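Asks: What follows is coords-v7.txt; its format and atoms are compact mmCIF, C-alpha atoms.
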# COMPACT_ATOMS: atom_id res chain seq x y z
CA MET V 20 120.58 72.53 94.18
CA LYS V 21 116.83 72.53 93.48
CA THR V 22 116.06 72.89 97.21
CA HIS V 23 118.51 75.81 97.42
CA THR V 24 116.72 77.58 94.53
CA ILE V 25 113.31 77.04 96.11
CA LEU V 26 114.52 78.37 99.47
CA LEU V 27 116.11 81.41 97.86
CA THR V 28 112.96 82.19 95.84
CA THR V 29 110.80 81.80 98.95
CA LEU V 30 113.10 84.11 100.92
CA VAL V 31 112.99 86.81 98.21
CA LEU V 32 109.19 86.66 97.99
CA PHE V 33 108.80 86.67 101.79
CA THR V 34 111.22 89.60 102.14
CA HIS V 35 109.27 91.58 99.52
CA TRP V 36 106.01 90.78 101.31
CA ILE V 37 107.37 91.99 104.66
CA TYR V 38 109.41 94.98 103.53
CA GLY V 39 107.73 96.11 100.31
CA ALA V 40 109.27 97.52 97.17
CA THR V 41 112.81 98.80 96.72
CA ILE V 42 114.27 101.47 94.50
CA ASP V 43 118.00 102.10 94.60
CA GLU V 44 118.24 100.33 97.98
CA MET V 45 115.49 102.49 99.50
CA VAL V 46 112.69 100.28 100.85
CA PHE V 47 109.04 101.32 100.80
CA PRO V 48 106.27 99.22 102.37
CA ASP V 49 103.66 97.85 99.98
CA HIS V 50 100.95 99.68 101.92
CA GLN V 51 100.35 102.26 104.62
CA THR V 52 97.40 102.40 106.98
CA LEU V 53 95.83 105.81 107.51
CA ASN V 54 92.74 106.23 109.72
CA GLY V 55 91.81 102.61 109.11
CA GLU V 56 92.25 102.90 105.32
CA ASN V 57 94.78 100.66 103.58
CA LEU V 58 96.65 102.70 100.98
CA LYS V 59 98.66 100.73 98.43
CA LEU V 60 101.98 101.69 96.92
CA ASN V 61 101.11 103.10 93.49
CA GLY V 62 104.67 103.66 92.30
CA LEU V 63 108.24 104.61 93.13
CA GLY V 64 110.57 107.15 91.57
CA LEU V 65 113.98 108.71 91.99
CA ARG V 66 114.61 112.45 91.99
CA LYS V 67 117.88 113.12 90.24
CA ALA V 68 119.36 116.58 89.84
CA THR V 69 121.92 118.35 87.69
CA VAL V 70 123.51 117.11 84.48
CA PHE V 71 125.39 114.59 86.62
CA LYS V 72 122.11 112.89 87.65
CA VAL V 73 122.87 113.15 91.38
CA LYS V 74 120.35 111.13 93.39
CA VAL V 75 118.48 113.42 95.79
CA TYR V 76 115.57 111.35 97.09
CA ALA V 77 113.45 108.30 96.41
CA ALA V 78 109.69 108.80 96.56
CA GLY V 79 106.63 106.59 96.82
CA LEU V 80 102.99 107.46 96.18
CA TYR V 81 100.25 105.64 98.12
CA LEU V 82 96.60 105.49 97.01
CA LEU V 83 93.55 103.41 97.96
CA GLU V 84 93.54 101.87 94.48
CA PRO V 85 96.30 101.99 91.86
CA GLN V 86 95.93 104.80 89.34
CA HIS V 87 98.29 105.66 86.50
CA GLU V 88 96.92 108.91 85.07
CA THR V 89 97.76 112.27 86.63
CA HIS V 90 94.32 113.85 86.35
CA LYS V 91 92.67 110.80 87.93
CA VAL V 92 95.14 110.73 90.85
CA ILE V 93 94.68 114.47 91.45
CA GLN V 94 90.87 114.18 91.43
CA LEU V 95 90.65 111.21 93.82
CA LYS V 96 88.44 112.08 96.82
CA ASN V 97 90.34 109.99 99.31
CA PRO V 98 93.61 110.29 101.20
CA LYS V 99 96.90 110.04 99.35
CA ILE V 100 100.42 109.91 100.77
CA LEU V 101 103.66 110.94 99.10
CA VAL V 102 106.77 109.75 100.96
CA MET V 103 110.24 111.11 100.19
CA LYS V 104 113.39 109.43 101.54
CA PHE V 105 116.47 111.61 101.18
CA MET V 106 119.60 110.02 99.77
CA ARG V 107 121.82 113.03 100.49
CA GLU V 108 121.85 116.22 102.51
CA VAL V 109 119.82 119.07 101.03
CA SER V 110 119.66 122.49 102.65
CA GLN V 111 116.38 124.22 103.40
CA GLU V 112 117.45 126.92 100.96
CA LYS V 113 117.85 124.42 98.10
CA ILE V 114 114.53 122.74 98.92
CA ASN V 115 112.81 126.13 98.93
CA ASP V 116 114.45 127.09 95.63
CA ALA V 117 112.91 123.92 94.19
CA TRP V 118 109.48 125.00 95.52
CA ASP V 119 109.88 128.41 93.89
CA LYS V 120 110.59 126.72 90.57
CA ALA V 121 107.76 124.20 90.98
CA PHE V 122 105.19 126.94 91.68
CA GLU V 123 106.54 129.49 89.22
CA GLU V 124 103.29 129.57 87.22
CA LYS V 125 101.01 129.56 90.30
CA ALA V 126 103.06 131.75 92.64
CA ALA V 127 100.44 134.50 92.82
CA GLN V 128 97.54 132.09 93.34
CA PHE V 129 99.21 130.23 96.22
CA ALA V 130 101.58 132.87 97.63
CA GLU V 131 100.58 132.37 101.30
CA GLU V 132 100.59 128.57 101.04
CA ILE V 133 104.02 128.55 99.41
CA LYS V 134 105.35 130.83 102.15
CA GLN V 135 103.93 128.51 104.84
CA LEU V 136 105.27 125.39 103.09
CA LYS V 137 108.76 126.86 102.84
CA LYS V 138 108.76 127.58 106.60
CA LEU V 139 108.05 123.89 107.24
CA MET V 140 110.99 122.66 105.18
CA PRO V 141 113.96 121.24 107.08
CA ASN V 142 117.62 121.03 106.31
CA ALA V 143 117.22 117.45 105.10
CA LYS V 144 119.86 114.94 106.09
CA GLU V 145 120.60 111.66 104.36
CA GLY V 146 118.03 109.17 105.65
CA ASP V 147 115.39 111.78 106.54
CA THR V 148 111.82 111.06 105.49
CA LEU V 149 109.30 113.71 104.47
CA GLU V 150 105.64 112.79 104.11
CA TYR V 151 102.80 114.73 102.54
CA ILE V 152 99.36 113.41 103.48
CA PHE V 153 96.69 114.74 101.17
CA TRP V 154 93.10 114.91 102.42
CA ASP V 155 90.13 116.47 100.60
CA ASP V 156 90.39 119.68 102.64
CA LYS V 157 93.97 119.82 103.99
CA THR V 158 97.52 118.57 103.64
CA GLU V 159 99.58 117.32 106.57
CA PHE V 160 103.35 117.47 106.54
CA LYS V 161 105.57 115.08 108.55
CA ILE V 162 109.32 114.92 109.03
CA ASN V 163 110.61 111.55 110.21
CA GLN V 164 107.05 110.53 111.14
CA THR V 165 106.46 113.59 113.33
CA LEU V 166 103.66 115.96 112.31
CA LYS V 167 105.20 119.39 111.63
CA GLY V 168 102.26 121.23 110.11
CA THR V 169 98.84 121.17 108.50
CA MET V 170 97.85 123.37 105.61
CA ALA V 171 94.18 123.97 104.78
CA GLY V 172 92.69 123.80 101.33
CA GLY V 173 91.82 121.08 98.86
CA ALA V 174 92.91 123.17 95.86
CA TRP V 175 96.28 123.73 97.52
CA GLY V 176 96.77 120.00 98.12
CA LYS V 177 95.97 119.23 94.48
CA ALA V 178 98.42 121.91 93.30
CA LEU V 179 101.11 120.55 95.63
CA LEU V 180 100.69 116.93 94.48
CA ASN V 181 100.63 118.16 90.89
CA THR V 182 104.22 119.45 91.31
CA TRP V 183 105.41 115.82 91.28
CA ILE V 184 103.02 114.21 88.79
CA GLY V 185 101.69 117.09 86.69
CA SER V 186 102.81 118.59 83.40
CA HIS V 187 105.99 120.14 84.86
CA PRO V 188 107.42 117.56 87.31
CA PRO V 189 110.98 117.74 88.66
CA THR V 190 111.78 114.96 86.13
CA GLU V 191 109.67 112.78 83.85
CA GLU V 192 111.41 109.74 85.35
CA LEU V 193 110.15 110.65 88.84
CA LYS V 194 106.63 111.33 87.56
CA ASP V 195 106.45 108.05 85.63
CA GLY V 196 107.74 106.14 88.62
CA LEU V 197 105.17 107.63 91.03
CA LEU V 198 102.38 106.92 88.54
CA GLY V 199 103.54 103.30 88.39
CA LEU V 200 104.46 103.56 84.72
CA LYS V 201 108.02 102.33 85.25
CA HIS V 202 110.32 100.75 87.83
As structure tokens, what does this structure read like?

Replies:
Amino acid sequence: MKTHTILLTTLVLFTHWIYGATIDEMVFPDHQTLNGENLKLNGLGLRKATVFKVKVYAAGLYLLEPQHETHKVIQLKNPKILVMKFMREVSQEKINDAWDKAFEEKAAQFAEEIKQLKKLMPNAKEGDTLEYIFWDDKTEFKINQTLKGTMAGGAWGKALLNTWIGSHPPTEELKDGLLGLKH
């Protein structure tokens, strides 16, 4: 029995090492390599919607070094990646409605960027992955690992990332998860 326990523990640890962290059966690697930089998984969160807490997507935030405070994450001068894995179908219209709500207070300041972002949004299917790669001077957008667009502007990238981890996130649970404060 002792050998069985040791083998099972070894298998669980090895599986975690190979595959990374899991939230609600969605697996995220422990790190991602970007232009030779090794970004580590900072945290995971679930986006739930409506009073019924319907699971929409799981998300992971990758940074060079773990950071658990919003203002410090936003101000980092290195690449960051936010990965979303959809757990259900979501229409482009619903995604864009969420962007309108997220940027309500900054709609005038980022009107052109919001318009461009909304054009990039897909009709997300269950299993689709959306990635936002934040650089100091631009943000890249990928759907299922294919680059779909690049948007210029460091201030824009900070504002975009802030929609998940700032003072008005989709949910506090998602924000806390991405900041590595729970999971």

Asks: Using all atoms listed in the file, determine which residues lie at most 10 Å from range 138-143 of chain V, disregarding the query and same-chain residues fewer than 4 positions distant; provide the list as a list in words.

Replies: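 My list of contacting residues is Lys104, Phe105, Met106, Arg107, Glu108, Val109, Ser110, Gln111, Glu112, Lys113, Ile114, Asn115, Glu132, Ile133, Lys134, Asp147, Thr148, Leu149, Phe160, Lys161, Ile162, Lys167, Gly168 and Thr169 of chain V.
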
Asks: My list of candidates is V:Tyr151, V:Phe71, V:Phe47, V:Phe129. Which is closest to Ala174 in chain V when distances are computed with all atoms listed in the file?

Replies: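 When distances to Ala174 in chain V are compared using all atoms listed in the file, the smallest one comes from V:Phe129.
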
Asks: Measure the distance from CA of Glu124 in chain V to CA of Ala178 in chain V in Å and round it to one decimal.

Replies: 10.9 Å

Asks: Find, counting all atoms listed in the file, the residue in V:Gly79, V:Gly39, V:Pro98, V:Gly196 that gets nearest to Leu58 in chain V.

Replies: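 The shortest atom-to-atom distance to Leu58 in chain V comes from V:Pro98.
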
Asks: Hey, can you check how far CA of Glu191 in chain V sits from CA of Val102 in chain V?

Replies: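 One can read the CA of Glu191 in chain V to CA of Val102 in chain V distance as 17.6 Å.
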
Asks: With only C-alpha atoms as the basis for distance, which of V:His187, V:Lys194, V:Lys144, V:Lys74 is at the shortest distance from Glu88 in chain V?

Replies: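 Smallest distance to Glu88 in chain V is found for V:Lys194.
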
Asks: So, with only C-alpha atoms as the atoms that count, which of V:Leu83, V:Trp175, V:Val75, V:Ala130 lies closest to Gly55 in chain V?

Replies: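 When distances to Gly55 in chain V are compared using only C-alpha atoms, the smallest one comes from V:Leu83.
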
Asks: Given the point (101.1, 117.8, 89.2) in the coordinates of this file, which residues lie within 12 Å, counting all atoms listed in the file, and how would they look as a ChimeraX atom specification?

Replies: /V:88-94,121-122,125,174-191,193-195,197-198
